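Next comes protein25.txt, a file with compact mmCIF, C-alpha atoms.
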```txt
# COMPACT_ATOMS: atom_id res chain seq x y z
CA MET A 23 12.75 -14.37 21.99
CA SER A 24 14.86 -15.01 18.92
CA LEU A 25 16.57 -12.43 16.78
CA VAL A 26 14.06 -12.87 13.97
CA GLN A 27 11.17 -12.16 16.28
CA THR A 28 12.86 -9.10 17.73
CA LEU A 29 13.47 -7.81 14.21
CA PHE A 30 9.86 -8.52 13.29
CA TYR A 31 8.49 -6.57 16.23
CA MET A 32 10.88 -3.70 15.55
CA MET A 33 9.95 -3.52 11.88
CA SER A 34 6.24 -3.72 12.54
CA PHE A 35 6.50 -1.07 15.22
CA ILE A 36 8.33 1.24 12.81
CA ALA A 37 5.77 0.57 10.07
CA LEU A 38 2.76 1.13 12.28
CA ALA A 39 4.16 4.17 14.08
CA SER A 40 5.18 5.91 10.88
CA ALA A 41 1.81 5.07 9.30
CA ALA A 42 0.07 6.58 12.31
CA PHE A 43 2.27 9.65 11.98
CA VAL A 44 1.36 9.91 8.29
CA ALA A 45 -2.30 9.85 9.28
CA ALA A 46 -1.91 12.30 12.13
CA THR A 47 0.38 15.02 10.87
CA LYS A 48 -0.83 18.19 9.22
CA ASN A 49 2.31 18.83 7.23
CA LEU A 50 1.86 17.20 3.85
CA VAL A 51 5.54 17.08 2.91
CA ARG A 52 6.44 15.48 6.20
CA SER A 53 3.69 12.92 5.81
CA ILE A 54 5.00 11.99 2.36
CA PHE A 55 8.50 11.43 3.73
CA MET A 56 7.16 9.41 6.65
CA PHE A 57 5.30 7.29 4.13
CA PHE A 58 8.73 6.56 2.67
CA ILE A 59 9.76 5.07 6.03
CA THR A 60 6.56 3.02 6.19
CA LEU A 61 7.34 1.52 2.80
CA PHE A 62 10.90 0.67 3.83
CA ALA A 63 9.72 -1.02 7.02
CA LEU A 64 7.16 -2.98 5.01
CA ALA A 65 9.95 -4.14 2.69
CA GLY A 66 11.74 -5.37 5.82
CA LEU A 67 8.61 -7.26 6.85
CA TYR A 68 8.49 -8.90 3.42
CA VAL A 69 12.08 -10.05 3.91
CA LEU A 70 11.09 -11.57 7.25
CA ALA A 71 8.23 -13.35 5.48
CA LEU A 72 10.94 -14.90 3.26
CA ALA A 73 9.91 -13.01 0.13
CA ASP A 74 13.12 -11.20 -0.75
CA PHE A 75 12.26 -10.61 -4.39
CA VAL A 76 8.99 -8.90 -3.49
CA ALA A 77 10.87 -6.76 -0.98
CA ILE A 78 13.33 -5.57 -3.62
CA THR A 79 10.48 -4.88 -6.04
CA GLN A 80 8.72 -2.93 -3.32
CA ILE A 81 11.77 -0.75 -2.77
CA VAL A 82 12.40 -0.20 -6.48
CA ILE A 83 8.82 0.50 -7.55
CA TYR A 84 7.22 2.08 -4.50
CA VAL A 85 10.10 4.03 -3.06
CA GLY A 86 11.74 4.83 -6.38
CA GLY A 87 8.66 5.36 -8.50
CA ILE A 88 5.45 6.08 -6.67
CA LEU A 89 6.89 8.29 -3.98
CA VAL A 90 8.67 10.50 -6.51
CA LEU A 91 5.42 10.71 -8.47
CA ILE A 92 3.51 11.79 -5.36
CA LEU A 93 6.14 14.40 -4.58
CA PHE A 94 5.90 15.69 -8.15
CA ALA A 95 2.14 15.98 -7.95
CA PHE A 96 2.47 17.81 -4.66
CA MET A 97 5.02 20.27 -6.05
CA LEU A 98 2.98 20.88 -9.19
CA SER A 99 -0.29 21.49 -7.44
CA GLY A 100 0.82 24.68 -5.81
CA LYS A 101 0.25 26.64 -2.68
CA GLU A 102 -3.50 26.25 -2.38
CA THR A 103 -2.96 22.63 -1.42
CA LEU A 104 -1.09 23.72 1.65
CA ASP A 105 -3.76 26.27 2.49
CA ALA A 106 -6.48 23.65 2.28
CA ILE A 107 -4.57 21.55 4.78
CA ALA A 108 -3.70 24.49 7.02
CA GLN A 109 -7.40 25.24 7.42
CA GLN A 110 -7.99 22.14 9.44
CA ARG A 111 -6.23 23.42 12.51
CA ASN A 112 -7.36 20.81 14.94
CA LYS A 113 -6.13 17.85 16.86
CA PHE A 114 -5.87 14.24 15.78
CA ILE A 115 -9.27 13.48 17.24
CA SER A 116 -11.57 16.42 16.75
CA ILE A 117 -15.31 16.52 16.48
CA LYS A 118 -15.15 16.38 12.69
CA LYS A 119 -12.98 13.31 12.65
CA ILE A 120 -14.94 11.21 15.10
CA PRO A 121 -16.97 9.43 12.38
CA ALA A 122 -13.80 8.45 10.51
CA PHE A 123 -12.14 7.37 13.73
CA LEU A 124 -15.17 5.31 14.74
CA LEU A 125 -15.35 3.68 11.32
CA ALA A 126 -11.68 2.72 11.32
CA GLY A 127 -11.72 1.57 14.95
CA LEU A 128 -14.82 -0.57 14.62
CA PHE A 129 -13.51 -2.07 11.40
CA LEU A 130 -10.25 -2.86 13.19
CA ILE A 131 -12.19 -4.62 15.95
CA VAL A 132 -14.08 -6.68 13.39
CA LEU A 133 -10.86 -7.60 11.56
CA LEU A 134 -8.98 -8.55 14.73
CA ASN A 135 -11.91 -10.59 15.97
CA MET A 136 -11.96 -12.49 12.70
CA ILE A 137 -8.19 -13.00 12.66
CA PHE A 138 -8.15 -14.50 16.14
CA LYS A 139 -11.13 -16.68 15.29
CA VAL A 140 -9.59 -18.03 12.10
CA ASP A 141 -6.34 -18.96 13.83
CA ALA A 142 -4.36 -18.90 10.59
CA ASP A 143 -1.48 -21.05 11.79
CA ASN A 144 -3.69 -24.09 12.21
CA LEU A 145 -5.52 -23.99 8.88
CA THR A 146 -5.66 -27.38 7.21
CA TRP A 147 -3.92 -26.40 3.98
CA ILE A 148 -1.07 -24.80 5.89
CA LYS A 149 -0.58 -27.92 8.00
CA ARG A 150 -0.60 -30.00 4.84
CA ALA A 151 1.95 -27.67 3.23
CA VAL A 152 4.24 -28.11 6.21
CA THR A 153 3.96 -31.90 6.14
CA VAL A 154 4.65 -32.23 2.40
CA LYS A 155 7.58 -29.78 2.67
CA ASN A 156 5.79 -27.21 0.48
CA GLU A 157 7.11 -24.47 2.72
CA ILE A 158 9.74 -21.83 2.06
CA LEU A 159 12.68 -22.30 4.39
CA PRO A 160 15.06 -19.50 5.36
CA ASN A 161 17.89 -21.01 3.32
CA SER A 162 15.97 -21.56 0.08
CA SER A 163 16.36 -19.05 -2.72
CA MET A 164 13.08 -18.30 -4.44
CA THR A 165 14.04 -15.85 -7.18
CA GLU A 166 14.83 -18.54 -9.74
CA ASN A 167 11.55 -20.30 -9.03
CA ILE A 168 9.66 -17.01 -9.38
CA GLY A 169 11.26 -16.38 -12.77
CA ILE A 170 10.36 -19.84 -14.06
CA ASN A 171 6.79 -19.57 -12.77
CA LEU A 172 6.39 -16.11 -14.28
CA MET A 173 7.25 -17.42 -17.72
CA THR A 174 5.24 -20.63 -17.55
CA LYS A 175 2.34 -20.77 -15.11
CA TYR A 176 1.57 -17.10 -14.83
CA LEU A 177 2.31 -16.04 -18.40
CA LEU A 178 -1.23 -14.86 -19.14
CA PRO A 179 -1.52 -12.48 -16.16
CA PHE A 180 1.99 -11.27 -16.95
CA GLU A 181 1.04 -10.33 -20.51
CA ALA A 182 -2.25 -8.83 -19.38
CA ILE A 183 -0.48 -6.64 -16.87
CA SER A 184 2.06 -5.52 -19.45
CA ILE A 185 -0.78 -4.38 -21.73
CA LEU A 186 -2.39 -2.62 -18.77
CA LEU A 187 0.87 -0.83 -17.97
CA MET A 188 1.04 0.34 -21.58
CA ILE A 189 -2.53 1.64 -21.35
CA ALA A 190 -1.78 3.44 -18.09
CA LEU A 191 1.37 4.99 -19.57
CA ILE A 192 -0.46 6.34 -22.62
CA GLY A 193 -3.46 7.39 -20.56
CA SER A 194 -1.52 9.36 -17.98
CA ALA A 195 0.63 11.01 -20.66
CA HIS A 196 -2.57 12.01 -22.46
CA LEU A 197 -4.21 13.31 -19.30
CA SER A 198 -1.29 15.37 -18.10
CA ARG A 199 -0.32 17.05 -21.36
CA LYS A 200 -0.91 20.75 -21.81
CA GLY A 201 -4.52 21.00 -22.89
CA GLU A 202 -5.10 22.95 -26.05
CA ARG A 203 -8.83 22.33 -26.07
CA GLN A 204 -9.81 24.09 -22.86
CA MET B 25 9.44 -18.36 14.05
CA ILE B 26 6.98 -15.58 13.35
CA SER B 27 3.41 -16.80 13.28
CA LEU B 28 0.94 -15.91 10.56
CA THR B 29 -1.33 -14.23 13.07
CA ASP B 30 1.33 -11.58 13.76
CA PHE B 31 1.46 -10.65 10.11
CA LEU B 32 -2.32 -10.58 9.91
CA VAL B 33 -2.59 -8.26 12.92
CA VAL B 34 0.02 -5.84 11.53
CA SER B 35 -1.73 -5.72 8.18
CA ALA B 36 -5.14 -5.22 9.80
CA VAL B 37 -3.86 -2.20 11.72
CA LEU B 38 -2.25 -0.78 8.57
CA PHE B 39 -5.48 -1.29 6.67
CA CYS B 40 -7.46 0.60 9.27
CA ILE B 41 -4.99 3.50 9.29
CA GLY B 42 -5.42 3.67 5.52
CA LEU B 43 -9.20 3.61 5.91
CA TYR B 44 -9.04 6.43 8.44
CA MET B 45 -6.91 8.52 6.08
CA ILE B 46 -9.28 7.98 3.17
CA VAL B 47 -12.34 9.00 5.15
CA SER B 48 -10.93 11.94 7.07
CA LYS B 49 -8.38 13.75 4.89
CA HIS B 50 -9.04 16.90 2.89
CA SER B 51 -6.39 16.56 0.23
CA ALA B 52 -6.55 14.18 -2.70
CA ILE B 53 -2.87 13.36 -2.35
CA GLN B 54 -3.33 12.23 1.25
CA ILE B 55 -6.31 10.11 0.22
CA LEU B 56 -4.06 8.52 -2.39
CA ILE B 57 -1.49 7.75 0.30
CA GLY B 58 -4.27 6.12 2.33
CA ILE B 59 -5.16 3.93 -0.64
CA GLU B 60 -1.51 2.95 -0.97
CA LEU B 61 -1.44 1.98 2.71
CA MET B 62 -4.46 -0.27 2.25
CA LEU B 63 -2.88 -1.87 -0.83
CA ASN B 64 0.31 -2.50 1.12
CA ALA B 65 -1.65 -4.17 3.91
CA ALA B 66 -3.20 -6.51 1.34
CA ILE B 67 0.20 -7.24 -0.19
CA LEU B 68 1.59 -8.05 3.25
CA ASN B 69 -1.12 -10.68 3.66
CA LEU B 70 -0.38 -12.18 0.25
CA VAL B 71 3.32 -12.40 1.02
CA ALA B 72 2.77 -13.86 4.49
CA PHE B 73 0.57 -16.68 3.22
CA SER B 74 2.88 -17.29 0.27
CA LYS B 75 5.42 -18.78 2.66
CA TYR B 76 3.44 -22.00 2.53
CA ASP B 77 3.39 -22.22 -1.27
CA ARG B 78 6.90 -23.04 -2.28
CA PHE B 79 6.36 -24.53 -5.71
CA ASN B 80 3.70 -22.33 -7.24
CA ASN B 81 4.54 -19.02 -5.53
CA GLY B 82 0.98 -17.82 -6.02
CA GLY B 83 1.05 -15.23 -3.26
CA GLN B 84 4.40 -13.69 -4.16
CA MET B 85 3.47 -13.56 -7.83
CA PHE B 86 0.23 -11.74 -7.20
CA ALA B 87 1.97 -9.48 -4.73
CA LEU B 88 4.27 -8.47 -7.60
CA PHE B 89 1.26 -7.94 -9.86
CA ALA B 90 -0.44 -5.85 -7.19
CA ILE B 91 2.66 -3.66 -6.78
CA VAL B 92 2.82 -3.02 -10.52
CA LEU B 93 -0.91 -2.31 -10.65
CA ALA B 94 -0.56 0.14 -7.78
CA ALA B 95 2.16 1.96 -9.71
CA ALA B 96 -0.05 2.23 -12.79
CA THR B 97 -3.03 3.37 -10.73
CA THR B 98 -1.00 6.02 -8.97
CA ALA B 99 0.34 7.44 -12.21
CA VAL B 100 -3.16 7.81 -13.66
CA ALA B 101 -4.59 9.15 -10.40
CA LEU B 102 -1.89 11.80 -10.12
CA ALA B 103 -2.47 12.89 -13.71
CA ILE B 104 -6.17 13.25 -12.86
CA ILE B 105 -5.32 15.22 -9.71
CA LEU B 106 -3.18 17.62 -11.73
CA ASN B 107 -6.03 18.12 -14.20
CA VAL B 108 -8.49 18.73 -11.40
CA TYR B 109 -6.11 21.26 -9.90
CA LYS B 110 -5.88 23.08 -13.23
CA GLN B 111 -9.66 23.27 -13.41
CA TYR B 112 -10.59 24.09 -9.80
CA ARG B 113 -7.39 25.49 -8.20
CA THR B 114 -7.93 23.11 -5.30
CA ILE B 115 -7.62 19.39 -4.68
CA ASP B 116 -10.01 19.13 -1.77
CA PRO B 117 -12.48 16.43 -2.83
CA GLY B 118 -15.20 18.13 -0.80
CA LYS B 119 -15.02 21.23 -2.97
CA ILE B 120 -14.97 19.48 -6.32
CA ASP B 121 -18.67 19.28 -6.94
CA LYS B 122 -19.25 20.38 -10.52
CA LEU B 123 -19.08 18.56 -13.80
CA ARG B 124 -17.32 20.11 -16.72
CA ASP B 125 -20.36 21.81 -18.20
```

Mind converting the file's structure to structure tokens?
Amino acid sequence: MSLVQTLFYMMSFIALASAAFVAATKNLVRSIFMFFITLFALAGLYVLALADFVAITQIVIYVGGILVLILFAFMLSGKETLDAIAQQRNKFISIKKIPAFLLAGLFLIVLLNMIFKVDADNLTWIKRAVTVKNEILPNSSMTENIGINLMTKYLLPFEAISILLMIALIGSAHLSRKGERQ
Amino acid sequence: MISLTDFLVVSAVLFCIGLYMIVSKHSAIQILIGIELMLNAAILNLVAFSKYDRFNNGGQMFALFAIVLAAATTAVALAIILNVYKQYRTIDPGKIDKLRD
């Protein structure tokens, strides 16, 4: 087993275990901080998938932005939030959670079944990509290519998403301002 | 090397944990975290397949777009959660069952 594979299994174990902890714990603050670890481990998985730029973006935006936002919302929404969570004093699998557990478990079975049936490593387009050298190698740097593609091939989605970010900025500022018309 | 199937299995498990959180949790913030987990599972798939697209970078590009979209969505959703809290004094989606008037 090579070093890369060992790292992959370690990272995916950390990601899955911390995600399971996020789902299982009753302490909201602790679950938010464990979500932080999940995001970091996912950034590590992106690096192992040879997408370093996406990994850095993940750390900057998710860990730096979204997590702080979630913490803010938690702090601003007061003590009743904690009470609502403290009411559900039961175990990970209780009678109330069986439907959710069944849904997630059966969906997982369906997904895994499909993944093993598809056998993604032997798809025709992937084989073709390997033969025509259209494959990212560990020593190739992709950031320059991403920048060029972003300004040429994907310019329209880029502009559309910038407008959408503007709309979201104005919308959330409007929603969260102190309401004078209540 | 790491096979694509490994990535797909990890992202499937993450997706199902997110689904479980969305269905079973009683706080809007935890449901939001579940949605983020599902989005991250999808992004992991995009990135894993993007390894075989060196010249166009389709997967990585749309992974970037998805990350930015998730940030925008979260900002709006949290503003809505704060408003709901102001109105109802709770953020349990099961107890929010009235319209404004």

Item to check | Selected residue, from A:Leu178, A:Ile168, A:Met97, A:Leu145, that lies nearest to chain B when counting only C-alpha atoms | outcome: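 Checking each of A:Leu178, A:Ile168, A:Met97, A:Leu145 against chain B, counting only C-alpha atoms, the winner is A:Ile168.
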
Checklist outcome for this item: Residue with the minimum atom-to-atom distance to chain B, picked from A:Met23, A:Val76, A:Ile117, A:Val51 with all atoms listed in the file counted, is A:Val76

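Using all atoms listed in the file, the nearest neighbour of Ser53 (chain A) within the list A:Leu134, A:Met173, A:Leu93, A:Leu186 is A:Leu93.
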
Item to check | chain A residues near chain B (6 Å cut-off, only C-alpha atoms) as a list in words | outcome: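 Here they are: Ala45, Ala71, Ala122, Ala126, Leu130, Asp143, Ala151, Asn156, Glu157, Ile158, Ala190, Ser194, Leu197 and Ser198 of chain A.
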
Next on the checklist: Just the number, please: distance in Å from CA of Leu38 (chain A) to CA of Leu67 (chain A), one decimal.
Outcome noted: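 According to the coordinates, CA of Leu38 (chain A) and CA of Leu67 (chain A) are separated by 11.6 Å.
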
Checklist entry - Any idea what the distance is between CA of Tyr112 (chain B) and CA of Arg124 (chain B)? => result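 Taking CA of Tyr112 (chain B) as the start and CA of Arg124 (chain B) as the end point, the length is 10.4 Å.
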
Item to check | Pick from A:His196, A:Val26, A:Leu72, A:Met33 nearest to Leu159 (chain A), counting only C-alpha atoms | outcome: A:Leu72

Next on the checklist: To one decimal place in Å, what is the distance between CA of Ala39 (chain A) and CA of Leu125 (chain A)?
Outcome noted: 19.7 Å

Checklist entry - Nearest to Phe94 (chain A): which of A:Val69, A:Thr146, A:Ile54, A:Phe43 is it, counting all atoms listed in the file? => result A:Ile54

Would you fill the gaps in region 47-69 of chain A so it has N, CA and C atoms, then print it as a PDB file, in the frame of the given file?
```pdb
ATOM      1  N   THR A  47      -0.274  13.736  11.030  1.00  0.00           N
ATOM      2  CA  THR A  47       0.380  15.020  10.870  1.00  0.00           C
ATOM      3  C   THR A  47      -0.401  15.930   9.917  1.00  0.00           C
ATOM      4  N   LYS A  48      -0.175  17.229  10.100  1.00  0.00           N
ATOM      5  CA  LYS A  48      -0.830  18.190   9.220  1.00  0.00           C
ATOM      6  C   LYS A  48       0.075  18.675   8.113  1.00  0.00           C
ATOM      7  N   ASN A  49       1.357  18.372   8.230  1.00  0.00           N
ATOM      8  CA  ASN A  49       2.310  18.830   7.230  1.00  0.00           C
ATOM      9  C   ASN A  49       2.406  17.791   6.113  1.00  0.00           C
ATOM     10  N   LEU A  50       1.984  18.182   4.927  1.00  0.00           N
ATOM     11  CA  LEU A  50       1.860  17.200   3.850  1.00  0.00           C
ATOM     12  C   LEU A  50       3.223  16.649   3.423  1.00  0.00           C
ATOM     13  N   VAL A  51       4.224  17.537   3.348  1.00  0.00           N
ATOM     14  CA  VAL A  51       5.540  17.080   2.910  1.00  0.00           C
ATOM     15  C   VAL A  51       6.107  16.078   3.905  1.00  0.00           C
ATOM     16  N   ARG A  52       5.937  16.393   5.177  1.00  0.00           N
ATOM     17  CA  ARG A  52       6.440  15.480   6.200  1.00  0.00           C
ATOM     18  C   ARG A  52       5.707  14.149   6.145  1.00  0.00           C
ATOM     19  N   SER A  53       4.420  14.196   5.867  1.00  0.00           N
ATOM     20  CA  SER A  53       3.690  12.920   5.810  1.00  0.00           C
ATOM     21  C   SER A  53       4.161  12.093   4.625  1.00  0.00           C
ATOM     22  N   ILE A  54       4.502  12.758   3.506  1.00  0.00           N
ATOM     23  CA  ILE A  54       5.000  11.990   2.360  1.00  0.00           C
ATOM     24  C   ILE A  54       6.326  11.328   2.712  1.00  0.00           C
ATOM     25  N   PHE A  55       7.204  12.049   3.405  1.00  0.00           N
ATOM     26  CA  PHE A  55       8.500  11.430   3.730  1.00  0.00           C
ATOM     27  C   PHE A  55       8.353  10.356   4.798  1.00  0.00           C
ATOM     28  N   MET A  56       7.372  10.493   5.690  1.00  0.00           N
ATOM     29  CA  MET A  56       7.160   9.410   6.650  1.00  0.00           C
ATOM     30  C   MET A  56       6.588   8.185   5.958  1.00  0.00           C
ATOM     31  N   PHE A  57       5.813   8.415   4.902  1.00  0.00           N
ATOM     32  CA  PHE A  57       5.300   7.290   4.130  1.00  0.00           C
ATOM     33  C   PHE A  57       6.447   6.481   3.524  1.00  0.00           C
ATOM     34  N   PHE A  58       7.485   7.186   3.139  1.00  0.00           N
ATOM     35  CA  PHE A  58       8.730   6.560   2.670  1.00  0.00           C
ATOM     36  C   PHE A  58       9.256   5.553   3.712  1.00  0.00           C
ATOM     37  N   ILE A  59       9.263   5.965   4.980  1.00  0.00           N
ATOM     38  CA  ILE A  59       9.760   5.070   6.030  1.00  0.00           C
ATOM     39  C   ILE A  59       8.830   3.887   6.207  1.00  0.00           C
ATOM     40  N   THR A  60       7.507   4.135   6.103  1.00  0.00           N
ATOM     41  CA  THR A  60       6.560   3.020   6.190  1.00  0.00           C
ATOM     42  C   THR A  60       6.854   1.985   5.126  1.00  0.00           C
ATOM     43  N   LEU A  61       7.095   2.462   3.895  1.00  0.00           N
ATOM     44  CA  LEU A  61       7.340   1.520   2.800  1.00  0.00           C
ATOM     45  C   LEU A  61       8.614   0.734   3.039  1.00  0.00           C
ATOM     46  N   PHE A  62       9.654   1.397   3.555  1.00  0.00           N
ATOM     47  CA  PHE A  62      10.900   0.670   3.830  1.00  0.00           C
ATOM     48  C   PHE A  62      10.682  -0.396   4.893  1.00  0.00           C
ATOM     49  N   ALA A  63       9.954  -0.040   5.950  1.00  0.00           N
ATOM     50  CA  ALA A  63       9.720  -1.020   7.020  1.00  0.00           C
ATOM     51  C   ALA A  63       8.894  -2.179   6.492  1.00  0.00           C
ATOM     52  N   LEU A  64       7.948  -1.891   5.580  1.00  0.00           N
ATOM     53  CA  LEU A  64       7.160  -2.980   5.010  1.00  0.00           C
ATOM     54  C   LEU A  64       8.033  -3.880   4.167  1.00  0.00           C
ATOM     55  N   ALA A  65       9.020  -3.305   3.460  1.00  0.00           N
ATOM     56  CA  ALA A  65       9.950  -4.140   2.690  1.00  0.00           C
ATOM     57  C   ALA A  65      10.716  -5.059   3.647  1.00  0.00           C
ATOM     58  N   GLY A  66      11.083  -4.527   4.824  1.00  0.00           N
ATOM     59  CA  GLY A  66      11.740  -5.370   5.820  1.00  0.00           C
ATOM     60  C   GLY A  66      10.840  -6.499   6.289  1.00  0.00           C
ATOM     61  N   LEU A  67       9.542  -6.208   6.446  1.00  0.00           N
ATOM     62  CA  LEU A  67       8.610  -7.260   6.850  1.00  0.00           C
ATOM     63  C   LEU A  67       8.500  -8.320   5.766  1.00  0.00           C
ATOM     64  N   TYR A  68       8.551  -7.909   4.493  1.00  0.00           N
ATOM     65  CA  TYR A  68       8.490  -8.900   3.420  1.00  0.00           C
ATOM     66  C   TYR A  68       9.724  -9.803   3.474  1.00  0.00           C
ATOM     67  N   VAL A  69      10.875  -9.219   3.789  1.00  0.00           N
ATOM     68  CA  VAL A  69      12.080 -10.050   3.910  1.00  0.00           C
ATOM     69  C   VAL A  69      11.894 -11.066   5.026  1.00  0.00           C
TER      70      VAL A  69
END
```
